[in-house]
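Raw input-v7.cif, mmCIF, C-alpha atoms:
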data_structure
loop_
_atom_site.label_atom_id
_atom_site.label_comp_id
_atom_site.auth_asym_id
_atom_site.auth_seq_id
_atom_site.Cartn_x
_atom_site.Cartn_y
_atom_site.Cartn_z
CA VAL H 13 -90.19 62.18 -45.94
CA THR H 14 -89.57 65.75 -47.10
CA SER H 15 -93.13 66.70 -46.30
CA SER H 16 -93.13 65.17 -42.82
CA GLY H 17 -89.70 66.76 -42.25
CA ALA H 18 -91.19 70.15 -43.11
CA ASP H 19 -94.12 69.38 -40.80
CA ARG H 20 -91.75 68.67 -37.97
CA GLU H 21 -89.81 71.85 -38.76
CA LYS H 22 -92.77 74.20 -38.61
CA PRO H 23 -93.76 73.79 -34.98
CA LYS H 24 -90.07 74.05 -34.09
CA ARG H 25 -89.70 77.37 -35.90
CA ALA H 26 -92.96 78.64 -34.45
CA ASP H 27 -91.70 77.63 -31.00
CA ALA H 28 -88.43 79.45 -31.55
CA ARG H 29 -90.31 82.56 -32.64
CA ARG H 30 -92.61 82.31 -29.61
CA ASN H 31 -89.59 81.97 -27.32
CA TYR H 32 -87.93 84.94 -28.96
CA ASP H 33 -91.04 87.09 -28.54
CA LEU H 34 -91.38 85.95 -24.94
CA LEU H 35 -87.78 86.88 -24.18
CA VAL H 36 -88.08 90.29 -25.84
CA GLU H 37 -91.27 90.96 -23.89
CA ALA H 38 -89.59 89.92 -20.62
CA ALA H 39 -86.55 92.09 -21.35
CA ARG H 40 -88.76 95.11 -22.08
CA LYS H 41 -90.48 94.66 -18.72
CA VAL H 42 -87.21 94.24 -16.84
CA PHE H 43 -85.62 97.28 -18.54
CA ALA H 44 -88.68 99.35 -17.66
CA ASP H 45 -88.47 98.24 -14.02
CA GLN H 46 -84.71 98.12 -13.48
CA GLY H 47 -83.22 100.21 -16.29
CA GLY H 48 -81.05 99.15 -19.20
CA GLY H 49 -78.36 97.82 -16.89
CA ALA H 50 -80.56 94.90 -15.75
CA SER H 51 -78.80 91.52 -15.72
CA MET H 52 -79.31 88.61 -18.12
CA GLU H 53 -80.33 86.55 -15.08
CA ALA H 54 -83.15 88.98 -14.25
CA ILE H 55 -84.42 88.83 -17.83
CA ALA H 56 -84.30 85.02 -17.95
CA LYS H 57 -86.10 84.83 -14.60
CA GLN H 58 -88.80 87.22 -15.82
CA ALA H 59 -89.26 85.07 -18.93
CA GLY H 60 -89.37 81.89 -16.82
CA VAL H 61 -86.50 80.26 -18.73
CA GLY H 62 -82.96 79.28 -17.85
CA VAL H 63 -80.27 81.85 -18.55
CA GLY H 64 -78.77 79.38 -21.10
CA THR H 65 -81.89 79.72 -23.25
CA LEU H 66 -81.55 83.50 -23.13
CA TYR H 67 -77.87 83.36 -24.16
CA ARG H 68 -78.74 80.98 -27.01
CA HIS H 69 -81.00 83.64 -28.50
CA PHE H 70 -78.89 86.63 -27.48
CA PRO H 71 -75.17 85.98 -27.04
CA LYS H 72 -74.67 89.42 -25.42
CA ARG H 73 -76.77 91.77 -23.34
CA ILE H 74 -76.45 94.41 -26.04
CA ASP H 75 -78.22 91.98 -28.40
CA VAL H 76 -81.25 91.91 -26.08
CA VAL H 77 -81.30 95.72 -26.00
CA GLU H 78 -81.14 95.87 -29.78
CA ALA H 79 -83.95 93.30 -30.11
CA VAL H 80 -86.24 95.25 -27.76
CA TYR H 81 -85.45 98.47 -29.61
CA ARG H 82 -86.12 96.93 -33.04
CA ASP H 83 -89.38 95.49 -31.80
CA ASP H 84 -90.42 98.88 -30.38
CA VAL H 85 -89.63 100.61 -33.67
CA ASP H 86 -91.62 97.97 -35.59
CA SER H 87 -94.62 98.45 -33.26
CA LEU H 88 -94.51 102.22 -33.59
CA VAL H 89 -94.27 102.08 -37.37
CA GLY H 90 -97.08 99.50 -37.47
CA LEU H 91 -99.18 101.71 -35.21
CA ALA H 92 -99.46 104.26 -38.02
CA ASP H 93 -101.21 101.65 -40.19
CA ARG H 94 -103.34 100.24 -37.39
CA ALA H 95 -104.48 103.68 -36.29
CA ALA H 96 -105.26 104.65 -39.90
CA SER H 97 -107.47 101.60 -40.37
CA GLU H 98 -109.33 101.99 -37.07
CA LEU H 99 -109.60 105.71 -36.37
CA ASP H 100 -110.48 108.98 -38.06
CA ALA H 101 -107.63 111.16 -39.26
CA TRP H 102 -107.31 113.30 -36.13
CA ALA H 103 -107.73 110.45 -33.66
CA ALA H 104 -105.15 108.41 -35.58
CA LEU H 105 -102.60 111.25 -35.43
CA GLU H 106 -103.28 111.71 -31.74
CA ARG H 107 -103.02 107.96 -31.06
CA TRP H 108 -99.76 107.71 -32.94
CA LEU H 109 -98.21 110.68 -31.17
CA TRP H 110 -99.04 109.17 -27.78
CA GLY H 111 -97.55 105.93 -29.07
CA TYR H 112 -94.41 107.89 -29.86
CA VAL H 113 -94.31 109.27 -26.32
CA GLU H 114 -94.56 105.70 -24.94
CA TYR H 115 -91.87 104.57 -27.34
CA GLY H 116 -89.60 107.40 -26.13
CA ARG H 117 -90.26 106.47 -22.52
CA ALA H 118 -89.19 102.87 -23.13
CA LYS H 119 -86.16 103.96 -25.14
CA ARG H 120 -85.04 106.25 -22.34
CA THR H 121 -84.77 103.31 -19.93
CA PHE H 122 -82.02 101.68 -22.00
CA LEU H 123 -80.55 104.69 -23.79
CA ASN H 124 -76.97 104.15 -22.57
CA GLU H 125 -77.02 100.55 -23.72
CA LEU H 126 -78.64 101.55 -27.00
CA HIS H 127 -75.77 103.92 -27.78
CA GLU H 128 -73.48 100.87 -27.73
CA ALA H 129 -75.79 99.07 -30.13
CA PHE H 130 -75.78 102.12 -32.42
CA GLU H 131 -71.99 102.17 -32.39
CA LYS H 132 -71.82 98.47 -33.23
CA ASN H 133 -74.36 98.84 -36.02
CA PRO H 134 -74.15 102.37 -37.52
CA ASP H 135 -77.14 101.87 -39.86
CA LEU H 136 -79.54 101.00 -37.05
CA LYS H 137 -80.18 104.55 -35.82
CA PRO H 138 -80.66 106.38 -39.15
CA ALA H 139 -82.72 103.50 -40.61
CA SER H 140 -85.03 103.49 -37.57
CA ARG H 141 -85.35 107.25 -37.61
CA ASP H 142 -86.26 107.25 -41.31
CA ARG H 143 -88.99 104.67 -40.69
CA ILE H 144 -90.39 106.59 -37.72
CA TRP H 145 -90.35 109.91 -39.57
CA ALA H 146 -92.16 108.25 -42.49
CA ALA H 147 -94.81 106.99 -40.05
CA ALA H 148 -95.13 110.51 -38.58
CA ASN H 149 -95.62 111.91 -42.07
CA GLN H 150 -98.18 109.22 -42.86
CA VAL H 151 -100.47 110.07 -39.94
CA LEU H 152 -99.87 113.81 -40.20
CA ARG H 153 -100.53 114.02 -43.95
CA ARG H 154 -103.78 112.15 -43.60
CA ALA H 155 -104.90 114.63 -40.93
CA GLN H 156 -103.75 117.55 -43.08
CA GLU H 157 -105.67 116.19 -46.08
CA ALA H 158 -108.75 115.89 -43.86
CA GLY H 159 -108.22 119.55 -42.88
CA VAL H 160 -107.88 118.77 -39.16
CA ALA H 161 -104.13 119.38 -38.78
CA ARG H 162 -102.23 122.58 -39.59
CA ALA H 163 -100.67 122.48 -43.04
CA ASP H 164 -97.45 124.38 -42.26
CA VAL H 165 -95.60 121.63 -40.40
CA SER H 166 -94.24 118.29 -41.56
CA GLY H 167 -93.73 114.98 -39.82
CA GLU H 168 -90.02 115.87 -39.65
CA ASP H 169 -90.86 119.16 -37.90
CA LEU H 170 -93.02 117.33 -35.41
CA MET H 171 -90.35 114.76 -34.68
CA GLN H 172 -87.67 117.45 -34.26
CA LEU H 173 -89.81 118.96 -31.53
CA MET H 174 -90.95 115.75 -29.85
CA THR H 175 -87.74 113.70 -29.96
CA PRO H 176 -85.54 115.85 -27.73
CA MET H 177 -88.47 116.29 -25.35
CA CYS H 178 -89.04 112.54 -25.16
CA MET H 179 -85.32 111.78 -24.77
CA ASN H 180 -84.69 114.42 -22.10
CA SER H 181 -84.20 112.62 -18.82
CA THR H 182 -85.02 115.78 -16.85
CA ILE H 183 -88.59 115.82 -18.23
CA GLY H 184 -90.91 113.76 -16.06
CA ASN H 185 -93.77 111.69 -17.43
CA GLU H 186 -96.49 114.13 -16.38
CA GLN H 187 -94.60 117.11 -17.74
CA GLY H 188 -94.13 115.27 -21.03
CA GLU H 189 -97.85 114.56 -21.15
CA ARG H 190 -98.79 118.20 -20.52
CA LEU H 191 -96.46 119.28 -23.30
CA THR H 192 -97.77 116.62 -25.68
CA ARG H 193 -101.33 117.85 -25.12
CA MET H 194 -100.16 121.39 -25.86
CA VAL H 195 -98.39 120.27 -29.04
CA LEU H 196 -101.52 118.40 -30.15
CA ASP H 197 -103.61 121.53 -29.56
CA GLY H 198 -101.08 123.48 -31.59
CA LEU H 199 -101.24 120.91 -34.37
CA ARG H 200 -105.00 120.87 -34.60
CA THR H 201 -106.69 123.39 -36.83
CA SER H 202 -109.16 125.41 -34.82
CA VAL N 4 -60.18 168.47 -4.76
CA THR N 5 -62.19 165.33 -3.94
CA SER N 6 -65.16 166.66 -5.82
CA SER N 7 -63.21 167.58 -8.96
CA GLY N 8 -61.50 164.16 -8.74
CA ALA N 9 -64.90 162.48 -8.79
CA ASP N 10 -65.88 164.68 -11.71
CA ARG N 11 -62.87 163.54 -13.64
CA GLU N 12 -63.68 159.91 -12.73
CA LYS N 13 -67.22 159.86 -14.00
CA PRO N 14 -66.63 160.45 -17.70
CA LYS N 15 -63.81 157.91 -17.53
CA ARG N 16 -66.09 155.27 -16.06
CA ALA N 17 -68.81 156.12 -18.55
CA ASP N 18 -66.23 155.82 -21.36
CA ALA N 19 -65.08 152.46 -20.07
CA ARG N 20 -68.68 151.25 -19.94
CA ARG N 21 -69.29 152.55 -23.48
CA ASN N 22 -66.18 150.74 -24.70
CA TYR N 23 -67.24 147.56 -22.97
CA ASP N 24 -70.69 147.68 -24.55
CA LEU N 25 -69.18 148.40 -27.94
CA LEU N 26 -66.85 145.42 -27.66
CA VAL N 27 -69.64 143.09 -26.55
CA GLU N 28 -71.78 144.28 -29.44
CA ALA N 29 -68.93 143.75 -31.91
CA ALA N 30 -68.23 140.28 -30.51
CA ARG N 31 -71.89 139.32 -30.83
CA LYS N 32 -71.90 140.35 -34.48
CA VAL N 33 -68.64 138.50 -35.22
CA PHE N 34 -69.83 135.32 -33.45
CA ALA N 35 -73.07 135.45 -35.43
CA ASP N 36 -71.14 135.80 -38.70
CA GLN N 37 -68.12 133.58 -38.07
CA GLY N 38 -69.13 131.33 -35.17
CA GLY N 39 -67.79 131.17 -31.65
CA GLY N 40 -64.29 130.33 -32.90
CA ALA N 41 -63.81 133.86 -34.31
CA SER N 42 -60.46 135.45 -33.45
CA MET N 43 -59.81 138.30 -31.03
CA GLU N 44 -58.40 140.22 -33.99
CA ALA N 45 -61.68 139.91 -35.89
CA ILE N 46 -63.62 141.18 -32.87
CA ALA N 47 -61.26 144.14 -32.32
CA LYS N 48 -61.47 145.00 -36.02
CA GLN N 49 -65.26 144.90 -35.94
CA ALA N 50 -65.23 147.22 -32.89
CA GLY N 51 -62.75 149.56 -34.59
CA VAL N 52 -60.24 149.30 -31.74
CA GLY N 53 -56.79 147.84 -31.41
CA VAL N 54 -56.55 144.25 -30.19
CA GLY N 55 -54.76 145.56 -27.07
CA THR N 56 -57.89 147.42 -26.02
CA LEU N 57 -59.89 144.23 -26.41
CA TYR N 58 -57.40 142.22 -24.32
CA ARG N 59 -57.47 144.93 -21.63
CA HIS N 60 -61.19 144.35 -21.17
CA PHE N 61 -61.14 140.60 -21.82
CA PRO N 62 -57.89 138.81 -21.05
CA LYS N 63 -59.09 135.62 -22.82
CA ARG N 64 -61.42 134.82 -25.66
CA ILE N 65 -63.63 132.83 -23.28
CA ASP N 66 -64.17 136.07 -21.31
CA VAL N 67 -65.66 137.70 -24.42
CA VAL N 68 -67.97 134.73 -24.91
CA GLU N 69 -69.08 134.93 -21.30
CA ALA N 70 -69.71 138.69 -21.57
CA VAL N 71 -71.87 138.27 -24.70
CA TYR N 72 -73.78 135.46 -23.06
CA ARG N 73 -74.40 137.43 -19.84
CA ASP N 74 -75.55 140.40 -21.86
CA ASP N 75 -77.93 138.19 -23.88
CA VAL N 76 -79.40 136.71 -20.70
CA ASP N 77 -79.86 140.20 -19.23
CA SER N 78 -81.65 141.37 -22.37
CA LEU N 79 -83.94 138.35 -22.45
CA VAL N 80 -84.82 138.72 -18.78
CA GLY N 81 -85.38 142.45 -19.26
CA LEU N 82 -87.57 141.75 -22.27
CA ALA N 83 -90.18 140.20 -19.96
CA ASP N 84 -90.55 143.55 -18.17
CA ARG N 85 -90.41 145.64 -21.32
CA ALA N 86 -92.99 143.48 -23.07
CA ALA N 87 -95.25 143.57 -20.00
CA SER N 88 -95.19 147.36 -19.91
CA GLU N 89 -95.80 147.83 -23.62
CA LEU N 90 -98.02 144.97 -24.76
CA ASP N 91 -101.16 143.10 -23.77
CA ALA N 92 -100.74 139.78 -22.00
CA TRP N 93 -100.84 137.56 -25.08
CA ALA N 94 -98.68 139.81 -27.27
CA ALA N 95 -96.13 140.07 -24.45
CA LEU N 96 -95.92 136.28 -24.12
CA GLU N 97 -95.57 135.93 -27.87
CA ARG N 98 -92.91 138.66 -28.03
CA TRP N 99 -90.93 137.11 -25.23
CA LEU N 100 -91.03 133.63 -26.75
CA TRP N 101 -89.71 134.98 -30.05
CA GLY N 102 -87.05 136.78 -28.03
CA TYR N 103 -86.14 133.42 -26.53
CA VAL N 104 -85.84 131.90 -30.02
CA GLU N 105 -83.45 134.73 -31.02
CA TYR N 106 -81.51 134.25 -27.80
CA GLY N 107 -81.18 130.53 -28.56
CA ARG N 108 -80.00 131.27 -32.08
CA ALA N 109 -77.23 133.54 -30.80
CA LYS N 110 -76.26 131.07 -28.09
CA ARG N 111 -75.97 128.29 -30.65
CA THR N 112 -73.27 130.20 -32.53
CA PHE N 113 -70.90 130.06 -29.56
CA LEU N 114 -72.15 126.97 -27.76
CA ASN N 115 -68.82 125.11 -27.75
CA GLU N 116 -67.02 128.11 -26.29
CA LEU N 117 -69.82 128.64 -23.79
CA HIS N 118 -69.37 125.11 -22.45
CA GLU N 119 -65.83 126.14 -21.47
CA ALA N 120 -67.19 129.22 -19.70
CA PHE N 121 -69.71 127.03 -17.85
CA GLU N 122 -66.93 124.71 -16.74
CA LYS N 123 -64.83 127.61 -15.51
CA ASN N 124 -67.78 129.15 -13.66
CA PRO N 125 -70.20 126.41 -12.54
CA ASP N 126 -72.82 128.84 -11.20
CA LEU N 127 -73.23 130.67 -14.49
CA LYS N 128 -75.45 128.11 -16.23
CA PRO N 129 -77.93 127.32 -13.41
CA ALA N 130 -78.16 131.00 -12.35
CA SER N 131 -78.91 132.08 -15.91
CA ARG N 132 -81.42 129.28 -16.37
CA ASP N 133 -83.23 130.23 -13.16
CA ARG N 134 -83.51 133.85 -14.29
CA ILE N 135 -84.79 132.86 -17.74
CA TRP N 136 -87.32 130.41 -16.31
CA ALA N 137 -88.55 133.11 -13.93
CA ALA N 138 -89.01 135.44 -16.91
CA ALA N 139 -90.91 132.70 -18.78
CA ASN N 140 -93.18 132.25 -15.76
CA GLN N 141 -93.69 136.00 -15.50
CA VAL N 142 -95.01 136.40 -19.06
CA LEU N 143 -96.90 133.12 -19.03
CA ARG N 144 -98.66 133.73 -15.70
CA ARG N 145 -99.81 137.15 -16.82
CA ALA N 146 -101.30 135.57 -19.95
CA GLN N 147 -102.88 132.79 -17.88
CA GLU N 148 -104.39 135.32 -15.49
CA ALA N 149 -105.81 137.17 -18.48
CA GLY N 150 -107.32 133.88 -19.64
CA VAL N 151 -105.47 133.89 -22.97
CA ALA N 152 -102.96 131.11 -22.27
CA ARG N 153 -103.71 127.52 -21.25
CA ALA N 154 -103.54 127.01 -17.51
CA ASP N 155 -102.09 123.50 -17.46
CA VAL N 156 -98.50 124.37 -18.37
CA SER N 157 -95.84 126.32 -16.51
CA GLY N 158 -92.93 128.44 -17.66
CA GLU N 159 -90.68 125.49 -16.79
CA ASP N 160 -92.74 123.21 -19.05
CA LEU N 161 -92.49 125.69 -21.88
CA MET N 162 -88.74 126.05 -21.47
CA GLN N 163 -88.25 122.27 -21.34
CA LEU N 164 -89.92 122.08 -24.74
CA MET N 165 -88.32 125.13 -26.33
CA THR N 166 -84.75 124.84 -25.04
CA PRO N 167 -83.73 121.58 -26.71
CA MET N 168 -85.43 122.74 -29.90
CA CYS N 169 -83.55 126.03 -29.86
CA MET N 170 -80.23 124.35 -29.03
CA ASN N 171 -80.55 121.60 -31.65
CA SER N 172 -78.10 122.39 -34.43
CA THR N 173 -80.01 120.18 -36.88
CA ILE N 174 -83.08 122.43 -36.64
CA GLY N 175 -82.90 125.23 -39.19
CA ASN N 176 -84.19 128.74 -38.53
CA GLU N 177 -87.35 128.32 -40.61
CA GLN N 178 -88.15 124.97 -39.06
CA GLY N 179 -87.71 126.49 -35.61
CA GLU N 180 -90.07 129.31 -36.54
CA ARG N 181 -92.75 126.92 -37.82
CA LEU N 182 -92.53 124.96 -34.60
CA THR N 183 -92.62 128.09 -32.45
CA ARG N 184 -95.81 129.20 -34.20
CA MET N 185 -97.30 125.77 -33.51
CA VAL N 186 -96.28 125.94 -29.84
CA LEU N 187 -97.82 129.40 -29.54
CA ASP N 188 -101.07 128.12 -31.07
CA GLY N 189 -100.99 125.26 -28.58
CA LEU N 190 -100.40 127.70 -25.72
CA ARG N 191 -103.21 130.02 -26.64
CA THR N 192 -106.65 129.27 -25.30
CA SER N 193 -109.09 128.97 -28.16
#
Please go through the file and, once you have read it, give me the structure as structure tokens.
Amino acid sequence: VTSSGADREKPKRADARRNYDLLVEAARKVFADQGGGASMEAIAKQAGVGVGTLYRHFPKRIDVVEAVYRDDVDSLVGLADRAASELDAWAALERWLWGYVEYGRAKRTFLNELHEAFEKNPDLKPASRDRIWAAANQVLRRAQEAGVARADVSGEDLMQLMTPMCMNSTIGNEQGERLTRMVLDGLRTS
Amino acid sequence: VTSSGADREKPKRADARRNYDLLVEAARKVFADQGGGASMEAIAKQAGVGVGTLYRHFPKRIDVVEAVYRDDVDSLVGLADRAASELDAWAALERWLWGYVEYGRAKRTFLNELHEAFEKNPDLKPASRDRIWAAANQVLRRAQEAGVARADVSGEDLMQLMTPMCMNSTIGNEQGERLTRMVLDGLRTS
């Protein structure tokens, strides 16, 4: 009985996880299209579920924002490992930095809402920043050890330059891309 | 009589101007040492004048802040011309960008007080920004025309990257210098 109970549990939990991922994905898309003020109804519609299902997973809209943000941070941190396993040291650094630019772009769409989430949960911001800075150091150090990135800057330095640029709402996407290419050229040893 | 009256006026006006410059210089030094909250007494003492003389030129502390700021903007804008007349295109761009970093450092010491001045005088901030961006374009374009600076960024781009970095109070002086060197390497055509 225990064993068949566990068997019945597993698909359920996997389903719940799939639903959760689906809702987070839908919310990310809706925030990108409509901004962080998008309604729960719009997110549920995008996910193809009833709004009750959405509220069951996320009692408040701020919870959806926090879930999208956490998922984005996880992806960006994971990107450092993925890039390291697939690419050479310079290409991995480059790939990760562009990933950071994309991350910043997404974050900017729900920044006002995210501030609420940060107030509710004061550890969320510093913990995420520490993880992202560690990922920046990981890709940068590897490139420095390979002799392809300048040795006089750290991952923290790089983030201090890129973060305000990526969070500045007056910097358009193309302008941000031009500046990122310039920063990458500055990072690379000639 | 008119002519001798004018003769008597001139040294007076020159004296007043000298006093004004002296007070602005003293205020700049005191703000750098003590921050923008420094007292009128401290500024008068630094200038070696009575506090009454200071109040005659600047009825409120915010007026001193505004005067220092205007003088800093003038110097930075003038630096573009001076550098152009004395240095080659790349060295002039480099010199000006370091001048901008120094300007930002000074501005950071009285940023809170400056916000008040910006509120009082809404044109001050955008007018100053326009002049500084024009100066950035002036030195950058000359370097681009000489083929020593990358062609795909503008003075506005450069300022959008440098300004938040220079205004970020969590970025120390050395970190700012490392990043400025990296930006300059990214700007330079290899």
- Task: Find the spatial neighbours of Lys72 of chain H, counting all atoms listed in the file, within a cut-off of 12 Å - ignore same-chain residues fewer than 2 positions away - and output them as a PyMOL selection string.
- Result: chain H and resi 51-52+63-64+66-70+74-79+125+128-129
- Task: Mind listing whatever residues come within 9 Å of the point (-83.1, 138.6, -23.2)? Use all atoms listed in the file, file coordinates, and give them as a VMD selection string.
- Result: chain N and resid 74 to 83 99 102 to 103 105 to 106 135
- Distance of atom CA of Arg40 of chain H from atom CA of Trp145 of chain H, expressed in Å to one decimal place: 23.0 Å
- Query: the PyMOL selection byres ((chain H) within 7 of (chain N)) on the file shown: which residues, as a PyMOL selection string?
  - Reply: chain H and resi 164-165+169+173+176-177+187+190-191+194-195+197-199
Pick out the residues sitting within 9 Å of Val142 of chain N, and hand them over as a PDB file with C-alpha atoms, keeping the file's coordinate frame; count only C-alpha atoms, and ignore anything fewer than 2 positions along from it in its own chain.
ATOM      1  CA  ALA N  83     -90.180 140.200 -19.960  1.00  0.00           C
ATOM      2  CA  ASP N  84     -90.550 143.550 -18.170  1.00  0.00           C
ATOM      3  CA  ALA N  86     -92.990 143.480 -23.070  1.00  0.00           C
ATOM      4  CA  ALA N  87     -95.250 143.570 -20.000  1.00  0.00           C
ATOM      5  CA  ALA N  92    -100.740 139.780 -22.000  1.00  0.00           C
ATOM      6  CA  TRP N  93    -100.840 137.560 -25.080  1.00  0.00           C
ATOM      7  CA  ALA N  95     -96.130 140.070 -24.450  1.00  0.00           C
ATOM      8  CA  LEU N  96     -95.920 136.280 -24.120  1.00  0.00           C
ATOM      9  CA  GLU N  97     -95.570 135.930 -27.870  1.00  0.00           C
ATOM     10  CA  TRP N  99     -90.930 137.110 -25.230  1.00  0.00           C
ATOM     11  CA  ALA N 137     -88.550 133.110 -13.930  1.00  0.00           C
ATOM     12  CA  ALA N 138     -89.010 135.440 -16.910  1.00  0.00           C
ATOM     13  CA  ALA N 139     -90.910 132.700 -18.780  1.00  0.00           C
ATOM     14  CA  ASN N 140     -93.180 132.250 -15.760  1.00  0.00           C
ATOM     15  CA  ARG N 144     -98.660 133.730 -15.700  1.00  0.00           C
ATOM     16  CA  ARG N 145     -99.810 137.150 -16.820  1.00  0.00           C
ATOM     17  CA  ALA N 146    -101.300 135.570 -19.950  1.00  0.00           C
ATOM     18  CA  GLN N 147    -102.880 132.790 -17.880  1.00  0.00           C
ATOM     19  CA  GLY N 158     -92.930 128.440 -17.660  1.00  0.00           C
TER      20      GLY N 158
END
- Task: Tell me, in Å to one decimal, how far atom CA of Leu35 of chain H is from atom CA of Ala59 of chain H.
- Result: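 These atoms are spaced 5.7 Å apart.
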- Task: For atom CA of Leu99 of chain H and atom CA of Gly116 of chain H, quote the distance in Å rounded to one decimal.
- Result: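 Result for atom CA of Leu99 of chain H versus atom CA of Gly116 of chain H: 22.5 Å, one decimal.
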- Find the residue from H:Ala50, H:Ala28, H:Leu34, H:Ala163 that sits nearest to Thr121 of chain H; use only C-alpha atoms when measuring.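 Selected residue with least distance to Thr121 of chain H: H:Ala50.
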Could you please give me, as a PDB file with C-alpha atoms, in the coordinates of the input, the residues of protein, DNA or RNA lying at most 8 Å from (-81.8, 101.3, -29.5) in the coordinate frame of the file, considering all atoms listed in the file?
ATOM      1  CA  VAL H  77     -81.300  95.720 -26.000  1.00  0.00           C
ATOM      2  CA  GLU H  78     -81.140  95.870 -29.780  1.00  0.00           C
ATOM      3  CA  VAL H  80     -86.240  95.250 -27.760  1.00  0.00           C
ATOM      4  CA  TYR H  81     -85.450  98.470 -29.610  1.00  0.00           C
ATOM      5  CA  ARG H  82     -86.120  96.930 -33.040  1.00  0.00           C
ATOM      6  CA  LYS H 119     -86.160 103.960 -25.140  1.00  0.00           C
ATOM      7  CA  PHE H 122     -82.020 101.680 -22.000  1.00  0.00           C
ATOM      8  CA  LEU H 123     -80.550 104.690 -23.790  1.00  0.00           C
ATOM      9  CA  GLU H 125     -77.020 100.550 -23.720  1.00  0.00           C
ATOM     10  CA  LEU H 126     -78.640 101.550 -27.000  1.00  0.00           C
ATOM     11  CA  HIS H 127     -75.770 103.920 -27.780  1.00  0.00           C
ATOM     12  CA  ALA H 129     -75.790  99.070 -30.130  1.00  0.00           C
ATOM     13  CA  PHE H 130     -75.780 102.120 -32.420  1.00  0.00           C
ATOM     14  CA  LEU H 136     -79.540 101.000 -37.050  1.00  0.00           C
ATOM     15  CA  LYS H 137     -80.180 104.550 -35.820  1.00  0.00           C
TER      16      LYS H 137
END
- Message: Taking only C-alpha atoms into account, name the residue in N:Val33, N:Ala152, N:Ile46, N:Met162 that is nearest to Leu100 of chain N.
- Response: N:Met162
- For each of H:Ala139, H:Val113, H:Ala44, H:Ala26, take the minimum atom-to-atom distance to Glu189 of chain H, counting only C-alpha atoms, then give the residue where this is smallest.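 Answer, going by the shortest atom-to-atom distance: H:Val113.
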Some atoms are missing, so please complete segment 136-146 of chain H with N, CA, C and O atoms and return it as a PDB file, in the frame of the given file.
ATOM      1  N   LEU H 136     -78.328 101.244 -37.840  1.00  0.00           N
ATOM      2  CA  LEU H 136     -79.540 101.000 -37.050  1.00  0.00           C
ATOM      3  C   LEU H 136     -80.266 102.299 -36.713  1.00  0.00           C
ATOM      4  O   LEU H 136     -81.486 102.413 -36.903  1.00  0.00           O
ATOM      5  N   LYS H 137     -79.535 103.306 -36.250  1.00  0.00           N
ATOM      6  CA  LYS H 137     -80.180 104.550 -35.820  1.00  0.00           C
ATOM      7  C   LYS H 137     -80.802 105.310 -36.988  1.00  0.00           C
ATOM      8  O   LYS H 137     -82.000 105.622 -36.938  1.00  0.00           O
ATOM      9  N   PRO H 138     -80.030 105.619 -38.057  1.00  0.00           N
ATOM     10  CA  PRO H 138     -80.660 106.380 -39.150  1.00  0.00           C
ATOM     11  C   PRO H 138     -81.801 105.605 -39.828  1.00  0.00           C
ATOM     12  O   PRO H 138     -82.808 106.205 -40.222  1.00  0.00           O
ATOM     13  N   ALA H 139     -81.662 104.285 -39.950  1.00  0.00           N
ATOM     14  CA  ALA H 139     -82.720 103.500 -40.610  1.00  0.00           C
ATOM     15  C   ALA H 139     -83.995 103.555 -39.771  1.00  0.00           C
ATOM     16  O   ALA H 139     -85.101 103.709 -40.304  1.00  0.00           O
ATOM     17  N   SER H 140     -83.856 103.446 -38.453  1.00  0.00           N
ATOM     18  CA  SER H 140     -85.030 103.490 -37.570  1.00  0.00           C
ATOM     19  C   SER H 140     -85.659 104.870 -37.622  1.00  0.00           C
ATOM     20  O   SER H 140     -86.886 105.007 -37.700  1.00  0.00           O
ATOM     21  N   ARG H 141     -84.826 105.893 -37.569  1.00  0.00           N
ATOM     22  CA  ARG H 141     -85.350 107.250 -37.610  1.00  0.00           C
ATOM     23  C   ARG H 141     -86.112 107.503 -38.906  1.00  0.00           C
ATOM     24  O   ARG H 141     -87.204 108.074 -38.886  1.00  0.00           O
ATOM     25  N   ASP H 142     -85.563 107.047 -40.033  1.00  0.00           N
ATOM     26  CA  ASP H 142     -86.260 107.250 -41.310  1.00  0.00           C
ATOM     27  C   ASP H 142     -87.636 106.584 -41.286  1.00  0.00           C
ATOM     28  O   ASP H 142     -88.613 107.154 -41.765  1.00  0.00           O
ATOM     29  N   ARG H 143     -87.710 105.385 -40.733  1.00  0.00           N
ATOM     30  CA  ARG H 143     -88.990 104.670 -40.690  1.00  0.00           C
ATOM     31  C   ARG H 143     -89.988 105.400 -39.786  1.00  0.00           C
ATOM     32  O   ARG H 143     -91.164 105.508 -40.102  1.00  0.00           O
ATOM     33  N   ILE H 144     -89.500 105.894 -38.662  1.00  0.00           N
ATOM     34  CA  ILE H 144     -90.390 106.590 -37.720  1.00  0.00           C
ATOM     35  C   ILE H 144     -90.857 107.917 -38.309  1.00  0.00           C
ATOM     36  O   ILE H 144     -92.033 108.277 -38.207  1.00  0.00           O
ATOM     37  N   TRP H 145     -89.959 108.647 -38.955  1.00  0.00           N
ATOM     38  CA  TRP H 145     -90.350 109.910 -39.570  1.00  0.00           C
ATOM     39  C   TRP H 145     -91.358 109.669 -40.698  1.00  0.00           C
ATOM     40  O   TRP H 145     -92.276 110.473 -40.882  1.00  0.00           O
ATOM     41  N   ALA H 146     -91.190 108.573 -41.438  1.00  0.00           N
ATOM     42  CA  ALA H 146     -92.160 108.250 -42.490  1.00  0.00           C
ATOM     43  C   ALA H 146     -93.531 107.972 -41.873  1.00  0.00           C
ATOM     44  O   ALA H 146     -94.569 108.396 -42.403  1.00  0.00           O
TER      45      ALA H 146
END
